[in-house]
Amino acid sequence: MRVFLLLIIICSFTPFVKAQEVEIIQRISKQQPIPFIDADSKKVVRVKFPLCIKLNNKVNEVVSLISAAYYGYGDYFDNSRKKWHRILGLYQCPSDTLCRSIEFADIKPDGNQDFMIYTEHILYNNFKYNNLFNDFIPPSIQEDTLIRINPMNLPVTEKKCLRTMLEGDSLRIGLYSDKMRYFIHLPVDVNMILP
């Protein structure tokens, strides 16, 4: 009985110990947030935020990044509150300006790789944020469009709204090796996205 109980305890904590051997570090993003403007309502209905991370593999085996999930305003049907949702845009970034879309990535032993994730903050029914960027929306807009916003050029009120949108958000990375599959959580540092 004692042996069985000890086995359960070891199995329960092994993924946590293993996860500490892969380090995730959030980096300052040089990309800009991208609001999506709805032509009919002339309002912001989505905002994409660039989240840059570095994965350091400290073990002597290949570790694969196989999934990413994000906790934030990402639900199309109920975006009045934050939920976990799967990230669709995962990019491998060998440099700050060169990125390519990927579904998974292998990180060699004692290696590291840079990745970028565009979060998808859905604001269709979130009236708290719908009126952002009114000064940037052309009155003559005819089609749904994306615009890039430099946070440094925003009024204090709008910049504060963007920061509030990100506060309390979290990233969950799914990793796989020959021995096991596990997840690592990373609370989002707003200052790395909106300096």
# chains A, B, ... in the order shown; residues from 1 in each chain; ligands from 1

call {"tool": "select_by_dssp", "arguments": {"residues": "region 33-108 of chain A", "states": "strand (DSSP E)", "output": "PyMOL selection string"}}
result
chain A and resi 34-38+43-57+63-72+83-86+90-92+100-101+105-107

call {"tool": "select_by_dssp", "arguments": {"residues": "chain A", "states": "helix (DSSP H, G or I)", "output": "VMD selection string"}}
result
chain A and resid 2 to 19 134 to 136 151 to 153 156 to 166 190 to 193

call {"tool": "atom_distance", "arguments": {"atom1": "CA of Gly72 (chain A)", "atom2": "CA of Cys161 (chain A)"}}
result
14.2 Å

call {"tool": "closest_atom_pairs", "arguments": {"of": "region 160-189 of chain A", "to": "region 134-153 of chain A", "cutoff": "12 Å", "atoms": "only C-alpha atoms", "output": "CSV"}}
result
residue,atom,partner,partner_atom,distance
A:Lys160,CA,A:Pro151,CA,9.9
A:Cys161,CA,A:Pro151,CA,11.0
A:Leu162,CA,A:Pro151,CA,8.8
A:Arg163,CA,A:Pro151,CA,10.1

call {"tool": "atom_distance", "arguments": {"atom1": "CA of Ala68 (chain A)", "atom2": "CA of Ile37 (chain A)"}}
result
25.9 Å

call {"tool": "closest_residue", "arguments": {"among": "A:Ile173, A:Val44, A:Ile24, A:Val63", "to": "Ala105 (chain A)", "atoms": "only C-alpha atoms"}}
result
A:Val63

call {"tool": "closest_residue", "arguments": {"among": "A:Arg27, A:Lys108, A:Arg46, A:His121", "to": "Lys82 (chain A)", "atoms": "only C-alpha atoms"}}
result
A:His121

call {"tool": "closest_atom_pairs", "arguments": {"of": "region 39-74 of chain A", "to": "region 175-178 of chain A", "cutoff": "7 Å", "atoms": "only C-alpha atoms", "output": "Markdown table"}}
result
| residue | atom | partner | partner_atom | distance |
| --- | --- | --- | --- | --- |
| A:Val62 | CA | A:Ser177 | CA | 6.3 |
| A:Val63 | CA | A:Ser177 | CA | 4.9 |
| A:Ser64 | CA | A:Tyr176 | CA | 5.0 |
| A:Leu65 | CA | A:Leu175 | CA | 4.7 |
| A:Ile66 | CA | A:Leu175 | CA | 5.7 |

call {"tool": "closest_residue", "arguments": {"among": "A:Asn112, A:Asn60, A:Asn191, A:Thr119", "to": "Arg86 (chain A)", "atoms": "only C-alpha atoms"}}
result
A:Thr119
